[in-house]
Structures are given as C-alpha cells and as structure tokens.
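Below is query.cif, which holds mmCIF, C-alpha atoms and all ligand atoms.
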```cif
data_input
loop_
_atom_site.label_atom_id
_atom_site.label_comp_id
_atom_site.auth_asym_id
_atom_site.auth_seq_id
_atom_site.Cartn_x
_atom_site.Cartn_y
_atom_site.Cartn_z
CA MET A 1 23.57 -6.68 -12.66
CA VAL A 2 20.31 -7.72 -14.33
CA ILE A 3 20.01 -11.45 -14.86
CA LYS A 4 17.78 -12.53 -17.74
CA LYS A 5 15.70 -15.51 -16.72
CA PHE A 6 13.25 -15.78 -19.60
CA ASP A 7 15.49 -16.11 -22.63
CA GLY A 8 15.18 -19.91 -22.80
CA LYS A 9 12.49 -22.58 -22.87
CA ILE A 10 10.38 -21.18 -20.05
CA GLY A 11 10.17 -17.86 -21.88
CA GLU A 12 9.35 -19.44 -25.24
CA GLU A 13 6.68 -21.64 -23.67
CA TYR A 14 5.58 -19.42 -20.82
CA GLU A 15 1.91 -20.27 -21.45
CA LEU A 16 2.62 -23.75 -20.05
CA PHE A 17 3.32 -22.20 -16.64
CA LYS A 18 -0.46 -21.80 -16.29
CA LEU A 19 -0.82 -25.60 -16.27
CA SER A 20 1.24 -25.85 -13.11
CA CYS A 21 -0.27 -22.87 -11.31
CA PRO A 22 -4.00 -23.56 -11.01
CA HIS A 23 -4.73 -20.17 -9.41
CA PHE A 24 -2.85 -18.18 -12.07
CA ASP A 25 -6.01 -16.68 -13.66
CA LYS A 26 -7.55 -15.82 -10.30
CA LEU A 27 -4.45 -13.85 -9.29
CA GLU A 28 -4.17 -12.02 -12.60
CA ASN A 29 -7.90 -11.27 -12.73
CA THR A 30 -7.66 -9.68 -9.31
CA VAL A 31 -5.42 -6.98 -10.82
CA GLY A 32 -8.27 -6.10 -13.19
CA LYS A 33 -10.91 -6.19 -10.45
CA ILE A 34 -8.92 -3.74 -8.33
CA ILE A 35 -8.52 -1.26 -11.21
CA LYS A 36 -12.22 -1.52 -12.03
CA LYS A 37 -13.25 -0.88 -8.42
CA GLU A 38 -10.77 1.93 -7.79
CA TYR A 39 -11.72 3.90 -10.91
CA LYS A 40 -15.47 3.15 -11.11
CA ASN A 41 -16.43 6.51 -9.64
CA LYS A 42 -13.45 8.53 -10.84
CA LYS A 43 -13.82 11.01 -13.66
CA ASN A 44 -10.38 10.54 -15.30
CA LYS A 45 -10.52 10.75 -19.09
CA THR A 46 -7.53 8.44 -19.31
CA ILE A 47 -5.85 6.20 -16.78
CA ASN A 48 -2.12 5.94 -17.43
CA VAL A 49 -0.74 2.58 -16.40
CA LEU A 50 2.85 1.45 -16.26
CA GLU A 51 3.51 -2.28 -16.35
CA ILE A 52 6.91 -3.91 -15.92
CA GLY A 53 7.28 -7.49 -17.16
CA THR A 54 4.95 -7.69 -20.16
CA GLY A 55 5.74 -11.34 -20.86
CA PRO A 56 3.25 -12.63 -23.43
CA GLY A 57 0.82 -9.88 -22.42
CA TYR A 58 -1.58 -11.68 -20.06
CA THR A 59 -1.53 -9.02 -17.34
CA THR A 60 -1.58 -6.28 -19.97
CA LEU A 61 -4.80 -7.66 -21.47
CA ILE A 62 -6.44 -7.76 -18.04
CA ILE A 63 -5.44 -4.14 -17.37
CA LEU A 64 -6.87 -3.10 -20.74
CA ASP A 65 -10.14 -4.98 -20.13
CA SER A 66 -10.58 -3.60 -16.60
CA ASP A 67 -11.53 -0.10 -17.78
CA ASN A 68 -11.57 1.23 -21.33
CA ARG A 69 -9.86 4.45 -20.20
CA THR A 70 -6.62 2.59 -19.43
CA ASN A 71 -3.58 3.33 -21.58
CA VAL A 72 -0.68 1.02 -20.87
CA VAL A 73 3.05 1.44 -21.31
CA SER A 74 4.45 -2.05 -20.84
CA VAL A 75 8.15 -2.74 -20.46
CA ASP A 76 10.04 -6.03 -20.81
CA ASN A 77 13.76 -6.59 -21.18
CA GLU A 78 13.38 -9.72 -23.36
CA SER A 79 12.56 -9.21 -27.01
CA LEU A 80 11.48 -12.89 -27.12
CA MET A 81 8.64 -11.97 -24.74
CA THR A 82 7.75 -8.62 -26.31
CA LYS A 83 7.35 -10.40 -29.68
CA GLN A 84 4.79 -12.79 -28.15
CA ALA A 85 2.93 -9.84 -26.60
CA GLU A 86 2.81 -7.99 -29.93
CA LYS A 87 0.59 -10.77 -31.30
CA ILE A 88 -1.92 -10.90 -28.41
CA LEU A 89 -2.08 -7.12 -28.10
CA SER A 90 -2.04 -6.17 -31.80
CA THR A 91 -5.49 -4.50 -31.83
CA PHE A 92 -4.68 -2.45 -28.74
CA ILE A 93 -1.32 -1.43 -30.22
CA ILE A 94 -3.03 -0.20 -33.40
CA ASN A 95 -5.58 1.70 -31.30
CA ASN A 96 -2.78 3.35 -29.31
CA ARG A 97 -3.90 1.90 -26.01
CA VAL A 98 -0.66 -0.02 -25.53
CA LYS A 99 2.93 0.88 -26.10
CA LEU A 100 5.41 -1.96 -25.76
CA VAL A 101 8.96 -1.09 -24.79
CA THR A 102 11.85 -3.55 -24.88
CA GLU A 103 14.15 -2.22 -22.18
CA ASP A 104 15.36 -2.90 -18.67
CA GLY A 105 12.61 -1.91 -16.21
CA LEU A 106 14.78 0.21 -13.92
CA LYS A 107 16.46 2.03 -16.80
CA PHE A 108 13.04 2.86 -18.21
CA LEU A 109 11.71 4.05 -14.85
CA LYS A 110 14.63 6.41 -14.35
CA LYS A 111 13.74 8.24 -17.56
CA GLN A 112 10.13 8.92 -16.52
CA SER A 113 9.00 12.20 -14.99
CA ASN A 114 7.82 12.51 -11.41
CA GLU A 115 4.11 11.85 -10.89
CA SER A 116 3.42 10.73 -14.45
CA PHE A 117 1.38 7.50 -14.00
CA ASP A 118 -1.92 6.77 -12.26
CA ILE A 119 -1.21 3.08 -11.77
CA PHE A 120 1.73 0.73 -11.57
CA ALA A 121 0.56 -2.82 -12.26
CA SER A 122 2.53 -5.99 -12.72
CA GLY A 123 2.24 -9.77 -12.65
CA PHE A 124 4.85 -12.40 -11.74
CA THR A 125 7.81 -10.12 -12.41
CA LEU A 126 9.22 -8.26 -9.38
CA HIS A 127 10.06 -11.52 -7.54
CA ASN A 128 12.64 -12.26 -10.27
CA PHE A 129 14.77 -9.27 -9.30
CA ASN A 130 17.72 -9.22 -6.94
CA LYS A 131 16.71 -7.46 -3.71
CA SER A 132 18.86 -4.36 -4.23
CA TYR A 133 17.57 -3.91 -7.79
CA ARG A 134 13.96 -4.49 -6.63
CA GLU A 135 14.31 -1.82 -3.93
CA LYS A 136 15.49 0.70 -6.51
CA VAL A 137 12.54 -0.24 -8.72
CA ILE A 138 10.03 0.24 -5.85
CA LYS A 139 11.49 3.68 -5.03
CA GLU A 140 11.25 4.71 -8.67
CA ILE A 141 7.67 3.43 -8.90
CA TYR A 142 6.76 5.63 -5.92
CA ARG A 143 8.37 8.63 -7.61
CA ILE A 144 6.62 8.21 -10.96
CA LEU A 145 3.17 7.60 -9.45
CA LYS A 146 0.85 10.57 -9.16
CA PRO A 147 -0.45 11.43 -5.69
CA LYS A 148 -3.25 8.93 -4.93
CA GLY A 149 -1.72 6.67 -7.60
CA ILE A 150 -1.92 2.94 -6.95
CA PHE A 151 0.47 0.00 -6.95
CA ILE A 152 -0.88 -3.47 -7.77
CA ASN A 153 1.31 -6.52 -7.98
CA ALA A 154 0.16 -10.13 -8.46
CA ASP A 155 3.30 -12.04 -7.70
CA LYS A 156 5.21 -14.60 -5.74
CA TYR A 157 5.53 -13.24 -2.19
CA ALA A 158 7.14 -15.75 0.17
CA LEU A 159 5.22 -16.43 3.38
CA ASP A 160 7.09 -15.20 6.46
CA ASN A 161 6.52 -18.39 8.40
CA LYS A 162 9.41 -20.60 7.25
CA SER A 163 7.60 -23.93 7.48
CA GLU A 164 4.54 -22.51 5.68
CA HIS A 165 6.83 -21.14 2.99
CA ILE A 166 8.57 -24.50 2.52
CA LYS A 167 5.18 -26.21 2.36
CA SER A 168 3.99 -23.86 -0.39
CA LEU A 169 7.29 -24.18 -2.29
CA ASN A 170 7.06 -27.98 -2.15
CA TYR A 171 3.46 -27.79 -3.34
CA GLN A 172 4.60 -25.81 -6.40
CA LEU A 173 7.57 -28.08 -7.14
CA GLN A 174 5.20 -31.06 -6.99
CA GLN A 175 2.83 -29.26 -9.38
CA PHE A 176 5.67 -28.98 -11.91
CA LYS A 177 6.35 -32.72 -11.65
CA ASP A 178 2.70 -33.76 -11.83
CA GLN A 179 1.51 -31.43 -14.58
CA TYR A 180 4.52 -31.60 -16.89
CA SER A 181 4.78 -35.39 -16.62
CA LYS A 182 1.20 -35.54 -17.96
CA ILE A 183 2.36 -33.82 -21.15
CA ASN A 184 5.66 -35.68 -21.19
CA ARG A 185 7.80 -32.58 -20.60
CA PRO A 186 10.34 -33.46 -17.89
CA ASP A 187 12.54 -30.71 -19.39
CA LEU A 188 10.01 -28.11 -18.19
CA THR A 189 9.91 -29.63 -14.69
CA LYS A 190 13.69 -29.25 -14.59
CA GLU A 191 13.72 -25.66 -15.89
CA TRP A 192 10.91 -24.39 -13.68
CA THR A 193 12.30 -26.15 -10.59
CA LYS A 194 15.67 -24.50 -11.21
CA HIS A 195 13.96 -21.13 -11.68
CA TYR A 196 11.99 -21.51 -8.42
CA LEU A 197 15.08 -22.50 -6.46
CA GLU A 198 16.95 -19.46 -7.82
CA ASP A 199 14.05 -17.23 -6.71
CA ASN A 200 14.42 -18.77 -3.26
CA GLU A 201 18.05 -17.64 -2.84
CA PRO A 202 18.57 -15.13 0.02
CA GLU A 203 19.59 -12.31 -2.34
CA VAL A 204 16.44 -12.77 -4.44
CA ILE A 205 13.56 -14.05 -2.31
CA MET A 206 10.70 -11.53 -2.01
CA LYS A 207 9.17 -12.03 1.42
CA GLU A 208 5.75 -10.73 2.37
CA ASN A 209 6.65 -8.77 5.49
CA ASP A 210 9.96 -7.40 4.13
CA SER A 211 8.00 -6.10 1.16
CA ILE A 212 5.39 -4.42 3.35
CA GLN A 213 8.08 -2.80 5.52
CA PHE A 214 10.08 -1.57 2.56
CA MET A 215 7.02 -0.11 0.85
CA LYS A 216 6.13 1.70 4.08
CA LYS A 217 9.65 3.07 4.30
CA VAL A 218 9.42 4.40 0.75
CA GLY A 219 6.18 6.18 1.64
CA PHE A 220 3.38 3.93 0.40
CA LYS A 221 0.19 3.89 2.46
CA ASP A 222 -2.85 1.66 2.67
CA ILE A 223 -0.73 -1.44 1.93
CA LYS A 224 -2.95 -4.52 1.69
CA ILE A 225 -2.72 -8.13 0.65
CA VAL A 226 -5.88 -8.48 -1.36
CA LEU A 227 -5.51 -12.17 -2.11
CA ARG A 228 -3.15 -14.93 -0.99
CA ILE A 229 -3.01 -18.43 -2.52
CA GLN A 230 -0.05 -20.72 -1.80
CA MET A 231 3.18 -18.89 -2.75
CA GLU A 232 1.39 -16.04 -4.49
CA ALA A 233 -0.31 -12.86 -3.35
CA VAL A 234 -1.80 -9.71 -4.80
CA PHE A 235 -0.34 -6.58 -3.18
CA PHE A 236 -2.07 -3.23 -3.22
CA ALA A 237 -0.71 0.13 -2.04
CA LYS A 238 -1.39 3.82 -2.52
CA LYS A 239 0.80 6.84 -2.85
CA ILE A 240 -0.72 9.45 -0.61
CA GLU A 241 1.38 12.55 -0.40
CA TYR A 242 0.46 14.11 2.93
CA LYS A 243 2.78 17.02 2.14
CA THR A 244 0.60 17.98 -0.82
CA LEU A 245 -2.56 17.65 1.25
CA THR A 246 -1.15 19.93 3.98
CA VAL A 247 -0.28 22.60 1.44
CA GLU A 248 -3.82 22.41 0.04
CA LEU A 249 -5.23 22.84 3.55
CA LYS A 250 -2.96 25.80 4.33
CA ASN A 251 -4.09 27.57 1.18
CA THR A 252 -7.78 26.97 1.68
CA THR A 253 -8.39 27.52 5.42
CA LYS A 254 -8.89 31.23 5.87
CA HIS A 255 -10.61 31.20 9.21
CA PRO A 256 -11.72 34.77 10.09
CA ILE A 257 -10.42 34.54 13.67
CA THR A 258 -6.90 33.72 12.56
CA GLN A 259 -6.78 36.23 9.68
C1 LIG B 1 6.91 -14.36 -15.58
S1 LIG B 1 6.83 -13.15 -16.81
C2 LIG B 1 5.32 -12.35 -16.40
C3 LIG B 1 4.46 -12.06 -17.57
C4 LIG B 1 3.05 -11.55 -17.29
N1 LIG B 1 3.07 -10.31 -16.56
C5 LIG B 1 2.23 -12.58 -16.55
O1 LIG B 1 1.94 -12.37 -15.37
O2 LIG B 1 1.89 -13.59 -17.14
C6 LIG B 1 8.04 -11.98 -16.22
C7 LIG B 1 8.53 -11.07 -17.30
O3 LIG B 1 9.36 -10.07 -16.70
C8 LIG B 1 10.42 -9.76 -17.59
N2 LIG B 1 11.51 -9.16 -16.83
C9 LIG B 1 12.33 -9.78 -15.94
N3 LIG B 1 13.25 -8.91 -15.47
C10 LIG B 1 12.99 -7.71 -16.06
C11 LIG B 1 13.58 -6.42 -15.97
N4 LIG B 1 14.63 -6.20 -15.18
N5 LIG B 1 13.07 -5.41 -16.71
C12 LIG B 1 12.00 -5.63 -17.52
N6 LIG B 1 11.39 -6.84 -17.64
C13 LIG B 1 11.88 -7.86 -16.92
C14 LIG B 1 10.76 -11.12 -18.21
O4 LIG B 1 11.42 -11.00 -19.43
C15 LIG B 1 9.38 -11.76 -18.35
O5 LIG B 1 8.83 -11.54 -19.61
#
```
Would you encode the structure as structure tokens?
Ligand SMILES: C[S@@+](CC[C@H](N)C(=O)[O-])C[C@H]1O[C@@H](n2cnc3c(N)ncnc32)[C@H](O)[C@@H]1O
Amino acid sequence: MVIKKFDGKIGEEYELFKLSCPHFDKLENTVGKIIKKEYKNKKNKTINVLEIGTGPGYTTLIILDSDNRTNVVSVDNESLMTKQAEKILSTFIINNRVKLVTEDGLKFLKKQSNESFDIFASGFTLHNFNKSYREKVIKEIYRILKPKGIFINADKYALDNKSEHIKSLNYQLQQFKDQYSKINRPDLTKEWTKHYLEDNEPEVIMKENDSIQFMKKVGFKDIKIVLRIQMEAVFFAKKIEYKTLTVELKNTTKHPITQ
C-alpha cells in the first residue's frame, strides 16, 4: 500500500522545510554537480533522466541546470505537488525538456522499457517509502537504466550507528522547534516531527548500510556516499552490465593463435 504523506500542510508549504534543513541546498546541488562531472566528456546528444518525487521541482531544476542536454521525466503521486512544480518549471515544460507525470512511482516504472534512461535522480523521496515498496522501486530503477547508467539520490539515509542516528534525529527535531517557532508556526513543528517519527519506524527507515547492501544485491556497482551531513546523504551508483561487456569482448577478440 502506498501511503501519501504530502497531501497536507507540509506538502502545501514544502518550501518551509528548507528553513529547518540548513544543508538542503548543498545536498540538492550535489546532484547537479555529479551529473555535470559524469557527462562533461560524454558525447550524448540527450541525457534522459528519470526523477521520482518531483515535489515543487527543486531537484528537477538542478538536474536541468546541470547540463543542457538533460531531458527529465519527473513523476509524483500528489497532484498538489505537481501543480507547484508546473509553475517553477513552466519554461522547461514549454521547451519539452521536462515532462511531469502525476502517478505512483512504482506503477510508472513498471511501464518503462528496459535500459531506457541514462540517469535516475531523486531528492528527499525514497526514504518515504515502506521498505518492501522501496526495494521494488530500486530493482525497477536498475532495470530501466541503460548500461553505465547512473543512480543519484540526495536523501535521508539513517546512520548505522544507533547513537549517532539518534543524535542526528534529535538535531533535526530541534531544528523544527527552533526555526518554526521563529515564524510562529508550531503547527509545522508538529507536522514535521510526526513525519520524521513515521520515517523512523522499522518498516520505513532507510539505513545507510542496508541500502548499500541491497543495491549491491540488485547489481549496482561503484556505490559511493558522495556527501553526508547529519541525517542526509547523497548516494551514487552505476549500472555496469558485465554480461554485456563479456559479449563485446568475445565478439572482438579474434586472436590468430586461437582461430
Ligand atoms: C519531500 S518531496 C521532495 C521534492 C524534491 N525532490 C526536493 O528534494 O525538494 C517528496 C515527494 O515525493 C512524492 N512521493 C512520495 N511517494 C511517492 C510515490 N510512491 N510515487 C511518486 N511520488 C511520491 C511526494 O508527493 C513528494 O512530492
């Protein structure tokens, strides 16, 4: 079952989350920096990116700015959020660089062909999923990525060390209290605290090492944590299909001695 967590106040006023997460821009900008670096010397005419969790379009804008060859299909299951994104991204929508889809992420993934995207990129979304749903999503992402395709996720990844995790969670809960009391919004402190405690439930929590192990199991290689600040991290991984590479080698090595 997919639980919608952004159909209330925190969805309507998502921009106020930035106030309580001082490193928000740094994390999101890292997504753009990675795309820029990875594609700087590549000759692709277009770079097809799939994003899940458009929200108001912050991550989408960063992906679009990172390289002008990026074309983004961005999926969100809340029309409240897609409507906000339509405003920020209007020019890119007109220029056909962005297509917004209001649909459940997993449902959308299942309809995509194998090896059809160069990049999967996302911000602050996958941690919202129940573990079993998230695992299905990760498997589908691997399937729809092209060989050498990349996965980038700027998100909440719980630290494996329990006391460090609790420390970072308490830091964030305190941020909600401090920042929202300054603007006289105790209602937001309440909503965001509830949201963070739900994300911390055993069937939801997205832990750093569990995520690495699961991605390895699915087949991802070169898994790296590019940045870590408090509860958040930017994950990078590549789809390298060794099977494909072996076939290429078999077809090209015609050594005279073995012929
Ligand atoms: C916290 S916002 C992130 C927005 C933006 N990427 C950012 O980093 O600022 C997460 C978004 O994911 C969407 N979302 C949550 N579950 C989803 C699902 N199962 N399928 C598609 N979108 C989903 C929510 O509606 C919400 O807009």
> Separation of atom CA of Asn184 of chain A and atom CA of Gly55 of chain A, in Å?
Replying inline: 24.3 Å
> Pick from A:Lys33, A:Lys146, A:Lys207, A:Arg134: nearest to Leu50 of chain A, with only C-alpha atoms counted?
Replying inline: A:Lys146
>> List as a PyMOL selection string the protein and nucleic acid residues near Lys224 of chain A, meaning an atom at most 7 Å away when all atoms listed in the file are counted, but skip any in the same chain fewer than 6 places from it.
In response: chain A and resi 235-237
>> Please list as a VMD selection string every residue within 12 Å of Ile93 of chain A, counting all atoms listed in the file and excluding residues in the same chain fewer than 3 positions away.
In response: chain A and resid 57 60 to 61 64 71 to 74 85 to 90 96 to 101
> Looking at A:Arg69, A:Lys26, A:Glu203, A:Gly219, which one is nearest to Lys43 of chain A, with distances taken over only C-alpha atoms?
Replying inline: A:Arg69
> Hey, which of A:Cys21, A:Ile47, A:Ala154, A:Leu169 ends up closest to ligand LIG 1 (chain B)? Count all atoms listed in the file.
Replying inline: A:Ala154
> Counting all atoms listed in the file, which protein, DNA or RNA residues come within 8 Å of ligand LIG 1 (chain B), given as a VMD selection string?
Replying inline: chain A and resid 2 to 7 11 14 to 15 28 52 to 60 75 to 82 102 to 106 122 to 126 128 to 129 154 to 155
Counting all atoms listed in the file, select every polymer residue within 12 Å of (15.6, -25.6, -6.3) as defined in the file's coordinates, and provide the selection as a compact mmCIF listing (two decimals) with C-alpha atoms, in the frame of the given file.
```
# COMPACT_ATOMS: atom_id res chain seq x y z
CA ILE A 166 8.57 -24.50 2.52
CA LEU A 169 7.29 -24.18 -2.29
CA ASN A 170 7.06 -27.98 -2.15
CA GLN A 172 4.60 -25.81 -6.40
CA LEU A 173 7.57 -28.08 -7.14
CA GLN A 174 5.20 -31.06 -6.99
CA PHE A 176 5.67 -28.98 -11.91
CA THR A 189 9.91 -29.63 -14.69
CA LYS A 190 13.69 -29.25 -14.59
CA GLU A 191 13.72 -25.66 -15.89
CA TRP A 192 10.91 -24.39 -13.68
CA THR A 193 12.30 -26.15 -10.59
CA LYS A 194 15.67 -24.50 -11.21
CA HIS A 195 13.96 -21.13 -11.68
CA TYR A 196 11.99 -21.51 -8.42
CA LEU A 197 15.08 -22.50 -6.46
CA GLU A 198 16.95 -19.46 -7.82
CA ASP A 199 14.05 -17.23 -6.71
CA ASN A 200 14.42 -18.77 -3.26
CA GLU A 201 18.05 -17.64 -2.84
```
>> Just to confirm, what's the straight-line distance from atom CA of Ile34 of chain A to atom CA of Glu232 of chain A in Å (one decimal)?
In response: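 Pair atom CA of Ile34 of chain A / atom CA of Glu232 of chain A returns 16.5 Å.
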Extract segment 58-72 of chain A from the preceding block and save N, CA, C and O atoms as an mmCIF file, in the first residue's frame.
```cif
data_model
loop_
_atom_site.group_PDB
_atom_site.id
_atom_site.type_symbol
_atom_site.label_atom_id
_atom_site.label_comp_id
_atom_site.auth_asym_id
_atom_site.auth_seq_id
_atom_site.Cartn_x
_atom_site.Cartn_y
_atom_site.Cartn_z
ATOM 1 N N TYR A 58 12.327 21.396 -7.097
ATOM 2 C CA TYR A 58 13.686 21.883 -6.775
ATOM 3 C C TYR A 58 14.765 20.995 -7.395
ATOM 4 O O TYR A 58 15.696 21.477 -8.037
ATOM 5 N N THR A 59 14.634 19.675 -7.181
ATOM 6 C CA THR A 59 15.663 18.766 -7.717
ATOM 7 C C THR A 59 15.617 18.795 -9.239
ATOM 8 O O THR A 59 16.655 18.768 -9.903
ATOM 9 N N THR A 60 14.416 18.868 -9.779
ATOM 10 C CA THR A 60 14.239 18.890 -11.241
ATOM 11 C C THR A 60 15.022 20.064 -11.850
ATOM 12 O O THR A 60 15.734 19.900 -12.840
ATOM 13 N N LEU A 61 14.872 21.237 -11.227
ATOM 14 C CA LEU A 61 15.568 22.431 -11.747
ATOM 15 C C LEU A 61 17.082 22.221 -11.743
ATOM 16 O O LEU A 61 17.768 22.601 -12.690
ATOM 17 N N ILE A 62 17.574 21.606 -10.684
ATOM 18 C CA ILE A 62 19.022 21.372 -10.567
ATOM 19 C C ILE A 62 19.492 20.401 -11.656
ATOM 20 O O ILE A 62 20.540 20.592 -12.276
ATOM 21 N N ILE A 63 18.678 19.386 -11.920
ATOM 22 C CA ILE A 63 19.039 18.420 -12.972
ATOM 23 C C ILE A 63 19.073 19.143 -14.324
ATOM 24 O O ILE A 63 19.991 18.953 -15.128
ATOM 25 N N LEU A 64 18.091 20.001 -14.551
ATOM 26 C CA LEU A 64 18.020 20.720 -15.829
ATOM 27 C C LEU A 64 19.197 21.678 -16.002
ATOM 28 O O LEU A 64 19.734 21.824 -17.094
ATOM 29 N N ASP A 65 19.603 22.316 -14.890
ATOM 30 C CA ASP A 65 20.711 23.280 -14.958
ATOM 31 C C ASP A 65 22.066 22.600 -15.079
ATOM 32 O O ASP A 65 23.031 23.217 -15.519
ATOM 33 N N SER A 66 22.148 21.341 -14.663
ATOM 34 C CA SER A 66 23.460 20.670 -14.605
ATOM 35 C C SER A 66 24.074 20.483 -15.991
ATOM 36 O O SER A 66 25.281 20.515 -16.158
ATOM 37 N N ASP A 67 23.237 20.283 -16.997
ATOM 38 C CA ASP A 67 23.730 20.025 -18.358
ATOM 39 C C ASP A 67 22.550 20.281 -19.292
ATOM 40 O O ASP A 67 21.464 19.733 -19.066
ATOM 41 N N ASN A 68 22.748 21.118 -20.306
ATOM 42 C CA ASN A 68 21.570 21.465 -21.123
ATOM 43 C C ASN A 68 21.126 20.346 -22.067
ATOM 44 O O ASN A 68 20.172 20.504 -22.815
ATOM 45 N N ARG A 69 21.793 19.191 -21.988
ATOM 46 C CA ARG A 69 21.314 18.034 -22.770
ATOM 47 C C ARG A 69 20.317 17.183 -21.974
ATOM 48 O O ARG A 69 19.774 16.214 -22.498
ATOM 49 N N THR A 70 20.114 17.535 -20.695
ATOM 50 C CA THR A 70 19.204 16.687 -19.895
ATOM 51 C C THR A 70 17.738 16.915 -20.286
ATOM 52 O O THR A 70 17.293 18.047 -20.462
ATOM 53 N N ASN A 71 17.038 15.808 -20.439
ATOM 54 C CA ASN A 71 15.574 15.807 -20.600
ATOM 55 C C ASN A 71 15.032 15.012 -19.425
ATOM 56 O O ASN A 71 15.477 13.891 -19.199
ATOM 57 N N VAL A 72 14.081 15.595 -18.714
ATOM 58 C CA VAL A 72 13.638 14.928 -17.480
ATOM 59 C C VAL A 72 12.177 14.498 -17.545
ATOM 60 O O VAL A 72 11.311 15.288 -17.926
#
```
